[in-house]
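Peer 1: Okay, so here is structure-v5.cif, and as you'll see once you scroll down, it has mmCIF, C-alpha atoms and all ligand atoms.
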```
data_model
#
loop_
_atom_site.label_atom_id
_atom_site.label_comp_id
_atom_site.auth_asym_id
_atom_site.auth_seq_id
_atom_site.Cartn_x
_atom_site.Cartn_y
_atom_site.Cartn_z
CA MET U 1 -47.41 -15.06 1.56
CA ASP U 2 -44.12 -15.90 -0.10
CA ILE U 3 -41.09 -13.75 0.60
CA LYS U 4 -41.57 -11.49 -2.43
CA GLU U 5 -45.12 -10.70 -1.31
CA GLN U 6 -43.97 -10.09 2.24
CA ILE U 7 -41.32 -7.64 1.05
CA ASN U 8 -43.84 -5.85 -1.15
CA ALA U 9 -46.28 -5.61 1.73
CA LEU U 10 -43.54 -4.03 3.86
CA SER U 11 -42.14 -1.73 1.19
CA GLU U 12 -43.76 1.47 2.43
CA GLU U 13 -42.42 0.88 5.93
CA ILE U 14 -38.98 -0.02 4.57
CA PHE U 15 -38.63 3.19 2.57
CA ASP U 16 -39.99 5.20 5.46
CA SER U 17 -37.23 3.73 7.67
CA LEU U 18 -34.63 4.51 5.03
CA SER U 19 -35.84 8.09 4.69
CA ARG U 20 -35.27 8.54 8.44
CA LEU U 21 -31.60 7.74 7.90
CA VAL U 22 -31.21 9.77 4.70
CA ARG U 23 -32.49 12.78 6.65
CA CYS U 24 -29.38 12.73 8.88
CA ASP U 25 -26.42 14.58 7.38
CA SER U 26 -23.91 12.04 8.67
CA GLN U 27 -20.70 13.22 7.03
CA LEU U 28 -17.62 13.38 9.21
CA SER U 29 -17.63 16.54 11.33
CA GLU U 30 -15.87 17.97 14.31
CA GLU U 31 -15.26 15.54 17.18
CA LYS U 32 -17.39 16.20 20.28
CA PRO U 33 -17.31 14.52 23.68
CA GLY U 34 -18.65 10.99 23.17
CA MET U 35 -19.00 11.58 19.44
CA PRO U 36 -15.72 10.66 17.75
CA PHE U 37 -16.98 11.54 14.26
CA GLY U 38 -19.16 14.51 15.25
CA GLU U 39 -22.90 14.96 15.66
CA GLY U 40 -24.16 13.77 12.27
CA PRO U 41 -22.83 10.21 12.37
CA ALA U 42 -23.92 9.84 16.02
CA LEU U 43 -27.41 11.01 15.13
CA ALA U 44 -27.65 8.57 12.21
CA LEU U 45 -26.51 5.73 14.46
CA ARG U 46 -29.08 6.64 17.12
CA GLU U 47 -31.82 6.65 14.50
CA ALA U 48 -30.69 3.33 13.00
CA LEU U 49 -30.58 1.67 16.42
CA ASN U 50 -34.05 3.07 17.14
CA ILE U 51 -35.38 1.52 13.94
CA ALA U 52 -33.75 -1.80 14.85
CA GLU U 53 -35.27 -1.67 18.34
CA GLU U 54 -38.70 -0.91 16.90
CA LEU U 55 -38.30 -4.09 14.83
CA GLY U 56 -37.53 -6.04 17.98
CA PHE U 57 -33.77 -6.49 17.75
CA HIS U 58 -31.31 -6.36 20.59
CA THR U 59 -29.08 -3.30 19.99
CA VAL U 60 -25.74 -2.06 21.27
CA ASN U 61 -24.06 1.30 20.73
CA LEU U 62 -20.27 1.01 20.80
CA ASP U 63 -19.41 4.54 21.91
CA ASN U 64 -20.79 6.17 18.75
CA TYR U 65 -18.02 4.60 16.68
CA CYS U 66 -20.48 1.98 15.51
CA GLY U 67 -23.35 -0.07 16.83
CA TYR U 68 -25.12 -3.31 16.08
CA ALA U 69 -28.49 -5.02 15.95
CA GLU U 70 -28.52 -8.71 16.72
CA MET U 71 -30.72 -11.80 16.75
CA GLY U 72 -30.18 -15.49 17.47
CA GLU U 73 -28.14 -17.55 19.89
CA GLY U 74 -24.85 -19.38 19.84
CA GLU U 75 -21.11 -18.96 19.73
CA ASP U 76 -20.72 -18.08 16.07
CA ILE U 77 -21.59 -14.69 14.66
CA ILE U 78 -22.75 -14.16 11.10
CA GLY U 79 -21.74 -10.56 10.60
CA ILE U 80 -23.13 -7.97 8.25
CA ALA U 81 -21.31 -4.66 8.28
CA GLY U 82 -22.71 -1.56 6.61
CA HIS U 83 -22.02 2.12 7.17
CA LEU U 84 -24.13 5.11 8.10
CA ASP U 85 -21.66 7.88 7.37
CA ILE U 86 -21.76 9.56 3.98
CA VAL U 87 -19.49 11.63 1.80
CA PRO U 88 -20.53 15.31 1.67
CA ALA U 89 -23.57 15.92 -0.53
CA GLY U 90 -21.59 18.21 -2.83
CA GLU U 91 -23.21 20.32 -5.52
CA GLY U 92 -25.29 19.67 -8.58
CA TRP U 93 -28.25 17.83 -7.07
CA HIS U 94 -31.65 18.04 -8.75
CA THR U 95 -33.41 17.09 -5.50
CA ASP U 96 -32.62 17.77 -1.83
CA PRO U 97 -29.93 15.20 -1.01
CA PHE U 98 -31.32 14.76 2.53
CA THR U 99 -34.95 14.25 1.53
CA MET U 100 -35.52 10.89 -0.06
CA THR U 101 -37.38 11.75 -3.26
CA LYS U 102 -39.24 9.32 -5.51
CA ILE U 103 -39.06 9.90 -9.25
CA GLY U 104 -40.35 7.08 -11.45
CA ASP U 105 -39.01 3.80 -10.10
CA ARG U 106 -36.11 5.45 -8.27
CA TYR U 107 -35.51 7.05 -4.91
CA TYR U 108 -32.92 9.85 -4.88
CA GLY U 109 -30.91 10.90 -1.83
CA ARG U 110 -27.39 10.75 -0.37
CA GLY U 111 -26.80 7.32 1.07
CA THR U 112 -29.65 5.55 -0.75
CA THR U 113 -27.12 3.15 -2.29
CA ASP U 114 -23.97 3.98 -0.28
CA ASP U 115 -24.71 2.68 2.30
CA LYS U 116 -27.84 3.52 4.30
CA GLY U 117 -30.08 1.75 1.78
CA PRO U 118 -28.24 -1.59 2.12
CA VAL U 119 -28.15 -1.27 5.93
CA ILE U 120 -31.93 -1.00 5.99
CA ALA U 121 -32.24 -3.79 3.39
CA CYS U 122 -30.20 -6.14 5.59
CA LEU U 123 -32.11 -5.16 8.70
CA TYR U 124 -35.39 -6.12 7.03
CA ALA U 125 -33.79 -9.28 5.62
CA MET U 126 -33.00 -10.24 9.23
CA LYS U 127 -36.54 -9.42 10.30
CA LEU U 128 -38.05 -11.55 7.53
CA LEU U 129 -35.78 -14.48 8.35
CA ARG U 130 -36.55 -14.25 12.05
CA ASP U 131 -40.30 -13.95 11.47
CA SER U 132 -40.23 -16.97 9.15
CA GLY U 133 -39.32 -19.05 12.19
CA ALA U 134 -35.91 -20.11 10.85
CA ALA U 135 -33.68 -21.82 13.43
CA LEU U 136 -31.11 -19.26 14.57
CA ASN U 137 -28.35 -21.51 15.84
CA LYS U 138 -25.84 -18.71 15.34
CA ARG U 139 -26.08 -15.06 16.12
CA VAL U 140 -26.72 -12.71 13.19
CA ARG U 141 -25.27 -9.29 13.82
CA LEU U 142 -25.78 -6.19 11.68
CA ILE U 143 -22.93 -3.81 12.46
CA MET U 144 -23.48 -0.18 11.53
CA GLY U 145 -20.33 1.87 11.30
CA CYS U 146 -19.92 5.63 11.35
CA ASN U 147 -16.56 6.18 9.66
CA GLU U 148 -16.29 4.05 6.51
CA GLU U 149 -15.73 6.94 4.13
CA THR U 150 -12.87 8.53 6.02
CA GLY U 151 -10.73 5.76 7.43
CA SER U 152 -12.89 3.01 9.00
CA ARG U 153 -11.72 3.92 12.51
CA CYS U 154 -15.17 2.68 13.56
CA MET U 155 -14.08 -0.87 12.75
CA ASP U 156 -10.76 -0.48 14.56
CA HIS U 157 -12.88 0.33 17.58
CA TYR U 158 -15.16 -2.66 16.93
CA ASN U 159 -12.13 -4.96 16.80
CA GLN U 160 -10.93 -3.56 20.12
CA VAL U 161 -14.15 -3.82 22.09
CA ALA U 162 -16.39 -6.44 20.45
CA GLU U 163 -16.33 -10.09 19.45
CA PRO U 164 -14.84 -11.10 16.11
CA LEU U 165 -17.15 -12.33 13.35
CA THR U 166 -17.19 -15.90 12.13
CA LEU U 167 -18.26 -15.19 8.58
CA GLY U 168 -20.29 -12.59 6.79
CA PHE U 169 -20.43 -9.79 4.29
CA THR U 170 -20.51 -6.05 3.84
CA PRO U 171 -23.34 -4.79 1.61
CA ASP U 172 -21.18 -1.93 0.37
CA GLY U 173 -19.86 -3.09 -2.99
CA ASN U 174 -21.18 -5.01 -5.92
CA PHE U 175 -23.18 -8.04 -6.93
CA PRO U 176 -22.50 -10.88 -7.64
CA CYS U 177 -19.83 -10.39 -4.89
CA ILE U 178 -16.27 -9.17 -4.48
CA TYR U 179 -13.76 -11.90 -3.72
CA GLY U 180 -10.67 -9.71 -4.01
CA GLU U 181 -9.79 -6.14 -3.12
CA LYS U 182 -6.66 -4.34 -4.19
CA GLY U 183 -4.17 -3.20 -1.60
CA HIS U 184 -4.26 0.44 -0.59
CA MET U 185 -1.25 2.73 -0.64
CA ALA U 186 -1.33 6.30 0.64
CA MET U 187 1.21 9.00 -0.20
CA LYS U 188 1.63 12.72 0.09
CA ALA U 189 3.35 14.97 -2.44
CA GLU U 190 4.79 18.31 -1.37
CA SER U 191 6.26 21.29 -3.18
CA LYS U 192 9.65 22.84 -2.58
CA GLU U 193 9.83 26.27 -4.27
CA THR U 194 6.73 27.49 -6.12
CA LYS U 195 5.44 30.75 -7.56
CA ILE U 196 1.83 29.66 -6.99
CA LEU U 197 0.29 32.04 -4.44
CA ASP U 198 -2.63 29.87 -3.40
CA ILE U 199 -4.23 26.62 -4.46
CA HIS U 200 -7.00 24.44 -3.15
CA GLY U 201 -9.22 21.69 -4.50
CA GLY U 202 -10.97 18.47 -3.54
CA PHE U 203 -12.44 17.42 -0.20
CA VAL U 204 -11.54 13.75 0.28
CA SER U 205 -8.47 11.76 -0.71
CA ASN U 206 -10.54 8.85 -2.03
CA ALA U 207 -12.33 10.76 -4.78
CA VAL U 208 -11.18 12.44 -7.96
CA MET U 209 -10.79 16.18 -7.32
CA PRO U 210 -13.93 17.78 -8.80
CA LYS U 211 -12.90 21.44 -8.45
CA CYS U 212 -9.71 23.41 -8.10
CA THR U 213 -8.86 27.08 -7.59
CA VAL U 214 -5.35 28.41 -8.25
CA VAL U 215 -3.96 31.93 -7.78
CA ILE U 216 -0.75 32.86 -9.61
CA PRO U 217 1.05 36.18 -9.95
CA SER U 218 0.18 38.05 -13.16
CA GLY U 219 2.91 38.96 -15.62
CA GLU U 220 4.05 35.36 -16.06
CA VAL U 221 1.37 34.32 -18.54
CA THR U 222 -1.56 36.07 -20.15
CA LYS U 223 -5.20 35.45 -19.35
CA LYS U 224 -5.71 34.59 -22.99
CA ALA U 225 -2.97 31.98 -23.06
CA LEU U 226 -4.39 30.36 -19.91
CA GLU U 227 -7.90 30.30 -21.33
CA LYS U 228 -6.64 28.69 -24.52
CA ALA U 229 -4.69 26.04 -22.60
CA LEU U 230 -7.62 25.35 -20.24
CA SER U 231 -9.98 24.95 -23.21
CA GLU U 232 -7.76 22.16 -24.52
CA THR U 233 -8.19 20.08 -21.35
CA PRO U 234 -11.20 17.82 -20.64
CA LEU U 235 -12.38 20.23 -17.87
CA LYS U 236 -16.17 20.68 -17.78
CA SER U 237 -15.84 24.41 -17.16
CA PHE U 238 -13.31 27.01 -16.08
CA SER U 239 -12.80 30.74 -15.57
CA VAL U 240 -9.76 33.02 -15.37
CA THR U 241 -10.14 36.25 -13.38
CA GLU U 242 -7.66 39.11 -13.22
CA GLY U 243 -7.08 40.63 -9.79
CA GLU U 244 -4.51 43.09 -8.46
CA GLY U 245 -1.31 41.51 -9.63
CA THR U 246 -2.91 38.07 -9.74
CA LEU U 247 -4.68 35.66 -12.04
CA THR U 248 -7.18 33.25 -10.51
CA ILE U 249 -8.20 30.05 -12.26
CA GLU U 250 -11.31 28.22 -11.20
CA ALA U 251 -11.66 24.80 -12.77
CA GLU U 252 -14.40 22.20 -12.66
CA GLY U 253 -13.84 18.56 -13.53
CA LEU U 254 -15.82 15.51 -12.47
CA ALA U 255 -15.74 13.52 -9.23
CA ALA U 256 -15.38 9.74 -9.27
CA HIS U 257 -14.19 7.14 -6.80
CA ALA U 258 -10.43 7.03 -6.35
CA SER U 259 -10.37 3.34 -7.36
CA THR U 260 -11.75 4.27 -10.79
CA PRO U 261 -10.02 7.60 -11.40
CA LEU U 262 -10.38 7.43 -15.18
CA LEU U 263 -14.14 7.78 -14.76
CA GLY U 264 -13.56 11.27 -13.38
CA ILE U 265 -11.87 14.46 -14.58
CA ASN U 266 -9.26 15.69 -12.13
CA ALA U 267 -9.65 19.48 -11.87
CA GLY U 268 -6.22 19.84 -10.24
CA GLY U 269 -4.41 17.70 -12.78
CA CYS U 270 -6.01 19.50 -15.73
CA THR U 271 -5.18 22.91 -14.23
CA MET U 272 -1.53 21.96 -13.74
CA GLN U 273 -1.36 20.76 -17.33
CA ALA U 274 -2.90 24.02 -18.57
CA LEU U 275 -0.51 26.16 -16.50
CA ALA U 276 2.46 24.46 -18.15
CA ASP U 277 0.91 24.60 -21.63
CA ALA U 278 0.24 28.32 -21.20
CA GLY U 279 3.93 28.87 -20.49
CA PHE U 280 3.88 29.24 -16.70
CA ARG U 281 7.35 28.09 -15.61
CA ASP U 282 7.34 26.70 -12.12
CA ASP U 283 9.26 23.88 -10.46
CA PHE U 284 6.22 22.46 -8.69
CA VAL U 285 4.01 22.59 -11.79
CA ASP U 286 6.73 20.69 -13.67
CA PHE U 287 7.03 18.20 -10.81
CA TYR U 288 3.28 17.68 -10.75
CA ASN U 289 2.96 17.15 -14.49
CA ALA U 290 5.94 14.80 -14.69
CA HIS U 291 5.25 12.65 -11.63
CA ILE U 292 1.55 12.95 -10.76
CA GLY U 293 -0.16 14.09 -13.99
CA THR U 294 -3.51 12.89 -15.26
CA LYS U 295 -2.77 9.35 -16.47
CA CYS U 296 -3.85 7.81 -13.14
CA ASP U 297 -1.54 4.79 -13.54
CA GLY U 298 1.49 5.81 -11.46
CA SER U 299 3.71 5.82 -14.55
CA GLY U 300 5.22 9.17 -13.54
CA CYS U 301 6.71 7.79 -10.35
CA GLY U 302 7.73 4.22 -11.01
CA LEU U 303 4.52 2.57 -9.83
CA LYS U 304 2.84 1.45 -13.05
CA CYS U 305 1.96 -2.25 -12.75
CA GLY U 306 -0.92 -4.71 -13.12
CA ASP U 307 -1.97 -8.36 -13.01
CA GLU U 308 -4.78 -10.55 -14.35
CA TYR U 309 -7.16 -8.99 -11.80
CA GLY U 310 -6.48 -5.35 -12.68
CA ASP U 311 -4.03 -2.45 -12.97
CA LEU U 312 -2.67 -0.09 -10.34
CA THR U 313 -4.65 3.16 -10.06
CA PHE U 314 -3.36 6.52 -8.85
CA ASN U 315 -5.43 9.51 -7.69
CA ASN U 316 -4.74 13.00 -6.38
CA GLY U 317 -7.86 13.81 -4.34
CA ILE U 318 -6.96 16.97 -2.41
CA ILE U 319 -4.57 19.79 -3.16
CA GLY U 320 -3.93 22.63 -0.74
CA MET U 321 -1.40 25.09 0.55
CA LYS U 322 -0.01 25.53 4.05
CA ASP U 323 2.85 27.82 5.13
CA GLY U 324 3.78 28.46 1.51
CA LYS U 325 3.99 24.75 0.68
CA ILE U 326 1.64 22.90 -1.62
CA PHE U 327 0.52 19.43 -0.57
CA CYS U 328 -1.36 16.73 -2.50
CA THR U 329 -2.98 13.56 -1.20
CA ILE U 330 -2.30 10.50 -3.34
CA ASP U 331 -4.55 7.44 -3.15
CA ILE U 332 -3.22 4.33 -4.87
CA ARG U 333 -4.91 0.94 -5.36
CA VAL U 334 -2.43 -1.89 -5.77
CA PRO U 335 -3.12 -5.10 -7.76
CA VAL U 336 -3.82 -8.08 -5.44
CA THR U 337 -0.67 -10.00 -6.41
CA VAL U 338 1.84 -7.10 -6.30
CA LYS U 339 4.21 -7.07 -3.35
CA LYS U 340 4.93 -4.10 -1.09
CA GLU U 341 8.68 -4.32 -1.76
CA ALA U 342 8.17 -3.86 -5.51
CA LEU U 343 6.23 -0.65 -4.88
CA LEU U 344 8.80 0.77 -2.49
CA GLN U 345 11.51 -0.04 -4.99
CA GLY U 346 9.54 1.65 -7.79
CA ILE U 347 8.92 4.91 -5.93
CA GLU U 348 12.43 5.14 -4.42
CA PRO U 349 14.05 7.28 -7.16
CA TYR U 350 11.14 9.78 -7.02
CA LEU U 351 10.94 10.45 -3.29
CA ASP U 352 13.07 13.59 -3.60
CA CYS U 353 12.72 15.32 -6.99
CA LYS U 354 13.68 18.78 -8.17
CA GLY U 355 10.31 20.47 -7.66
CA GLY U 356 8.78 18.30 -4.97
CA THR U 357 8.83 15.24 -2.76
CA PHE U 358 6.74 12.12 -2.13
CA THR U 359 6.17 10.61 1.30
CA VAL U 360 4.78 7.07 1.56
CA PHE U 361 2.43 6.70 4.55
CA GLY U 362 1.57 3.07 4.31
CA ILE U 363 0.75 0.14 2.11
CA GLY U 364 -2.21 -1.99 3.17
CA GLU U 365 -2.56 -5.68 2.39
CA PRO U 366 -4.94 -6.80 -0.36
CA LEU U 367 -7.84 -9.16 0.35
CA PHE U 368 -8.37 -12.36 -1.60
CA TYR U 369 -10.81 -15.28 -1.07
CA PRO U 370 -10.75 -18.22 -3.46
CA LYS U 371 -13.76 -18.36 -5.74
CA ASP U 372 -14.61 -21.84 -4.46
CA SER U 373 -14.46 -20.97 -0.73
CA PRO U 374 -17.63 -21.65 1.35
CA LEU U 375 -18.12 -17.91 1.91
CA VAL U 376 -18.02 -16.95 -1.78
CA ASN U 377 -20.24 -19.94 -2.57
CA ALA U 378 -22.87 -19.08 0.01
CA LEU U 379 -23.19 -15.50 -1.19
CA LEU U 380 -22.92 -16.15 -4.90
CA SER U 381 -25.55 -18.89 -4.84
CA ALA U 382 -27.98 -16.59 -2.98
CA TYR U 383 -27.46 -13.89 -5.57
CA ARG U 384 -27.85 -16.26 -8.50
CA GLU U 385 -30.87 -18.03 -7.11
CA VAL U 386 -32.85 -14.85 -6.46
CA SER U 387 -31.69 -12.60 -9.32
CA LYS U 388 -31.45 -15.38 -11.93
CA ASP U 389 -28.29 -13.62 -13.15
CA THR U 390 -25.86 -16.45 -13.87
CA GLU U 391 -23.89 -14.48 -16.43
CA HIS U 392 -21.84 -12.16 -14.21
CA GLU U 393 -18.84 -13.46 -12.27
CA PRO U 394 -17.48 -12.40 -8.85
CA LEU U 395 -15.21 -9.36 -9.01
CA VAL U 396 -11.88 -8.03 -7.88
CA ILE U 397 -12.04 -4.30 -7.19
CA GLY U 398 -9.84 -1.37 -6.25
CA GLY U 399 -12.14 0.04 -3.60
CA GLY U 400 -11.36 -0.84 0.00
CA THR U 401 -14.47 -1.91 1.91
CA TYR U 402 -15.05 -3.01 5.49
CA ALA U 403 -13.87 -6.45 4.32
CA LYS U 404 -10.36 -5.12 4.84
CA SER U 405 -11.14 -4.10 8.44
CA LEU U 406 -13.19 -7.04 9.71
CA LYS U 407 -12.09 -10.65 9.57
CA GLY U 408 -14.17 -13.20 7.70
CA ILE U 409 -16.23 -10.98 5.39
CA ILE U 410 -16.32 -9.94 1.75
CA ALA U 411 -18.35 -7.28 -0.04
CA PHE U 412 -21.69 -8.45 -1.39
CA GLY U 413 -23.99 -6.06 -3.31
CA PRO U 414 -25.91 -3.85 -3.57
CA GLU U 415 -24.71 -2.43 -6.88
CA LYS U 416 -25.64 -4.44 -9.93
CA PRO U 417 -23.40 -4.73 -12.96
CA ASP U 418 -23.70 -1.99 -15.58
CA THR U 419 -25.53 0.65 -13.51
CA ASP U 420 -23.94 3.87 -12.23
CA TYR U 421 -25.79 4.69 -9.03
CA ARG U 422 -23.86 7.98 -8.75
CA ILE U 423 -22.51 7.15 -5.30
CA HIS U 424 -20.13 9.88 -4.03
CA ASN U 425 -21.75 12.09 -6.67
CA ALA U 426 -24.80 14.33 -7.12
CA ASP U 427 -28.16 12.56 -7.66
CA GLU U 428 -27.28 9.27 -5.93
CA PHE U 429 -30.22 6.89 -6.25
CA LEU U 430 -31.60 3.40 -5.76
CA ILE U 431 -33.90 1.50 -8.11
CA ILE U 432 -37.01 0.35 -6.26
CA PRO U 433 -37.64 -3.15 -7.73
CA GLU U 434 -33.95 -3.95 -7.55
CA TYR U 435 -33.70 -2.70 -3.98
CA LEU U 436 -36.63 -4.86 -2.89
CA GLU U 437 -35.01 -7.82 -4.64
CA SER U 438 -31.78 -7.17 -2.74
CA ILE U 439 -33.67 -7.74 0.53
CA GLU U 440 -34.58 -11.21 -0.69
CA ILE U 441 -30.99 -11.85 -1.80
CA TYR U 442 -29.68 -10.80 1.62
CA GLU U 443 -32.26 -12.95 3.40
CA LYS U 444 -31.21 -15.97 1.34
CA ALA U 445 -27.53 -15.20 1.92
CA ILE U 446 -27.93 -15.11 5.71
CA GLU U 447 -29.82 -18.39 5.50
CA ASN U 448 -26.93 -19.92 3.51
CA LEU U 449 -24.35 -18.60 5.97
CA LEU U 450 -26.29 -20.04 8.90
CA ALA U 451 -26.11 -23.43 7.17
CA ILE U 452 -22.31 -23.46 6.81
ZN ZN U 501 -19.84 2.77 1.07
#
```
Spell out the structure here as structure tokens.
Peer 2:
Amino acid sequence: MDIKEQINALSEEIFDSLSRLVRCDSQLSEEKPGMPFGEGPALALREALNIAEELGFHTVNLDNYCGYAEMGEGEDIIGIAGHLDIVPAGEGWHTDPFTMTKIGDRYYGRGTTDDKGPVIACLYAMKLLRDSGAALNKRVRLIMGCNEETGSRCMDHYNQVAEPLTLGFTPDGNFPCIYGEKGHMAMKAESKETKILDIHGGFVSNAVMPKCTVVIPSGEVTKKALEKALSETPLKSFSVTEGEGTLTIEAEGLAAHASTPLLGINAGGCTMQALADAGFRDDFVDFYNAHIGTKCDGSGCGLKCGDEYGDLTFNNGIIGMKDGKIFCTIDIRVPVTVKKEALLQGIEPYLDCKGGTFTVFGIGEPLFYPKDSPLVNALLSAYREVSKDTEHEPLVIGGGTYAKSLKGIIAFGPEKPDTDYRIHNADEFLIIPEYLESIEIYEKAIENLLAI
């Protein structure tokens, strides 16, 4: 049997293994003793390590931060790092997000593409390579993390307690491969005085805010004026309800990844715009519209910039209120050639404005591997050989992957060009023939890395 036939023969088992992981709701939850990210991620890790053991791999659980399955001998470690945690299922699914459901040539379920599917694909790629009798003169280690979506603290732990990788990849991005990742900058915006009584929206800082609810005192603007202003925004839906001395706006936009904010509709940003358009006069609303707004390019606060690899992006993911103060999370992706100093200089004049303030938490370094480096070559040639796609070039992206947390790796698959797999969204899916092909690509890639 050639490798394609072997993968086809295993496909039922492969999808059964994946469904065992999809079943675990592994979003970040409350910390418990021995479970730094809560029960869900720990459960998913246990199940993944069980599957790896059933396939005959040596496994290690690193304190429920992450774990790994390993084969081979030697000093060097070819590392593959995927994640088992997920973003919350959210609303709007047509199937149960935790039951892998086959419709046509797709499987639907949270994590099918991001990133449980690729973890299982790489595990079976390792199995196929091992069973083929290939010489394993290096170790091949599949690391499975439990905290990629909310800070990658799992990989901080890995770096503290486990051996560094020699070379490798994270199957948590795009094909052909990602040789550059923008730097990450995190900020917080806060109100000073505001007439807004309550506001909340969004659930993670690294996604476009899909919903927002705002309560304002009545008497300032009419329900009609608000409805008119809201109807002029790109919001998918909204409602205005009159209460006792209050008006409540509920707005629905569209989630998207923070690195591609223009693919989403920010419910908070649109609501702020509508409040101002309806005539609601408020220092914080003015601050928001002038300095955060909906352009997603940082132009309101001195950060707009770009280079040949891409422009800066700017996203307000969460808005909330605490002790009478409104706060907003700001997630910024910085072009790979832009220096930290330039950003700090740009934001300086806006740190303390009339209606609000910005606080810069940190600016992370970008990642950049030359296109002709052995790592990029090994991965790209595996992709091209198996997929026969020689048209698409390696990418630079705004998303931060594990490649930023672990030395020696870049992101490699599973998403193919021109398909929206709805990751971080309702109805996330994988495409069966493409998924099975990815196993072959990963097998070939490991083989190439072993040969370096
Ligand atoms: Zn992911």
Peer 1: Suppose you want the space between atom CA of Thr271 of chain U and atom CA of Thr233 of chain U; what is it in Å?
Peer 2: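 It comes out at 8.2 Å.
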Peer 1: So which residues touch segment 391-408 of chain U within 7 Å, counting all atoms listed in the file, skipping near sequence neighbours fewer than 2 positions away, as a ChimeraX atom specification?
Peer 2: /U:155,165-168,170,172,176-182,259,309,333,367,389,410-411
Peer 1: At a cut-off of 8 Å, using all atoms listed in the file, what residues contact Leu62 of chain U? Leave out same-chain residues fewer than 5 positions from it and give the result as a PDB file with C-alpha atoms, keeping the file's coordinate frame.
Peer 2:
```
ATOM      1  CA  GLY U  67     -23.350  -0.070  16.830  1.00  0.00           C
ATOM      2  CA  TYR U 158     -15.160  -2.660  16.930  1.00  0.00           C
ATOM      3  CA  VAL U 161     -14.150  -3.820  22.090  1.00  0.00           C
TER       4      VAL U 161
END
```
Peer 1: With all atoms listed in the file as the basis for distance, which of U:Leu45, U:Leu84, U:Ile3, U:Ala382 is at the shortest distance from ligand ZN 501 (chain U)?
Peer 2: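 The answer is U:Leu84, which sits nearest to ligand ZN 501 (chain U).
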Peer 1: So, with all atoms listed in the file as the atoms that count, which of U:Asp323, U:Glu54, U:Asp2, U:Glu12 lies closest to Glu190 of chain U?
Peer 2: U:Asp323
Peer 1: Within 8 Å of Met185 of chain U, counting only C-alpha atoms, which residues qualify if same-chain residues fewer than 6 places away don't, as a PyMOL selection string?
Peer 2: chain U and resi 331-334+360-364
Peer 1: Output C-alpha atoms of each residue in that selection to a file, as a PDB file, in the frame of the given file.
Peer 2:
```pdb
ATOM      1  CA  ASP U 331      -4.550   7.440  -3.150  1.00  0.00           C
ATOM      2  CA  ILE U 332      -3.220   4.330  -4.870  1.00  0.00           C
ATOM      3  CA  ARG U 333      -4.910   0.940  -5.360  1.00  0.00           C
ATOM      4  CA  VAL U 334      -2.430  -1.890  -5.770  1.00  0.00           C
ATOM      5  CA  VAL U 360       4.780   7.070   1.560  1.00  0.00           C
ATOM      6  CA  PHE U 361       2.430   6.700   4.550  1.00  0.00           C
ATOM      7  CA  GLY U 362       1.570   3.070   4.310  1.00  0.00           C
ATOM      8  CA  ILE U 363       0.750   0.140   2.110  1.00  0.00           C
ATOM      9  CA  GLY U 364      -2.210  -1.990   3.170  1.00  0.00           C
TER      10      GLY U 364
END
```
Peer 1: Rank nothing, just name the residue among U:Lys339, U:Lys322, U:Lys211, U:His58 nearest to Glu70 of chain U, using all atoms listed in the file.
Peer 2: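 Once distances to Glu70 of chain U are computed over all atoms listed in the file, the minimum belongs to U:His58.
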Peer 1: Around ligand ZN 501 (chain U), which protein and nucleic acid residues have at least one atom no more than 9 Å from it, if we count all atoms listed in the file? List them as an NGL selection string.
Peer 2: :U and (82-87 or 111 or 113-116 or 148-149 or 171-173 or 401-402 or 423-424)
Peer 1: Write to file, as a PDB file, in the coordinates of the input, the residues of the selection just made, with C-alpha atoms.
Peer 2:
```
ATOM      1  CA  GLY U  82     -22.710  -1.560   6.610  1.00  0.00           C
ATOM      2  CA  HIS U  83     -22.020   2.120   7.170  1.00  0.00           C
ATOM      3  CA  LEU U  84     -24.130   5.110   8.100  1.00  0.00           C
ATOM      4  CA  ASP U  85     -21.660   7.880   7.370  1.00  0.00           C
ATOM      5  CA  ILE U  86     -21.760   9.560   3.980  1.00  0.00           C
ATOM      6  CA  VAL U  87     -19.490  11.630   1.800  1.00  0.00           C
ATOM      7  CA  GLY U 111     -26.800   7.320   1.070  1.00  0.00           C
ATOM      8  CA  THR U 113     -27.120   3.150  -2.290  1.00  0.00           C
ATOM      9  CA  ASP U 114     -23.970   3.980  -0.280  1.00  0.00           C
ATOM     10  CA  ASP U 115     -24.710   2.680   2.300  1.00  0.00           C
ATOM     11  CA  LYS U 116     -27.840   3.520   4.300  1.00  0.00           C
ATOM     12  CA  GLU U 148     -16.290   4.050   6.510  1.00  0.00           C
ATOM     13  CA  GLU U 149     -15.730   6.940   4.130  1.00  0.00           C
ATOM     14  CA  PRO U 171     -23.340  -4.790   1.610  1.00  0.00           C
ATOM     15  CA  ASP U 172     -21.180  -1.930   0.370  1.00  0.00           C
ATOM     16  CA  GLY U 173     -19.860  -3.090  -2.990  1.00  0.00           C
ATOM     17  CA  THR U 401     -14.470  -1.910   1.910  1.00  0.00           C
ATOM     18  CA  TYR U 402     -15.050  -3.010   5.490  1.00  0.00           C
ATOM     19  CA  ILE U 423     -22.510   7.150  -5.300  1.00  0.00           C
ATOM     20  CA  HIS U 424     -20.130   9.880  -4.030  1.00  0.00           C
TER      21      HIS U 424
END
```
Peer 1: Any idea what the distance is between atom CA of Glu428 of chain U and atom CA of His157 of chain U?
Peer 2: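 A separation of 29.0 Å between them.
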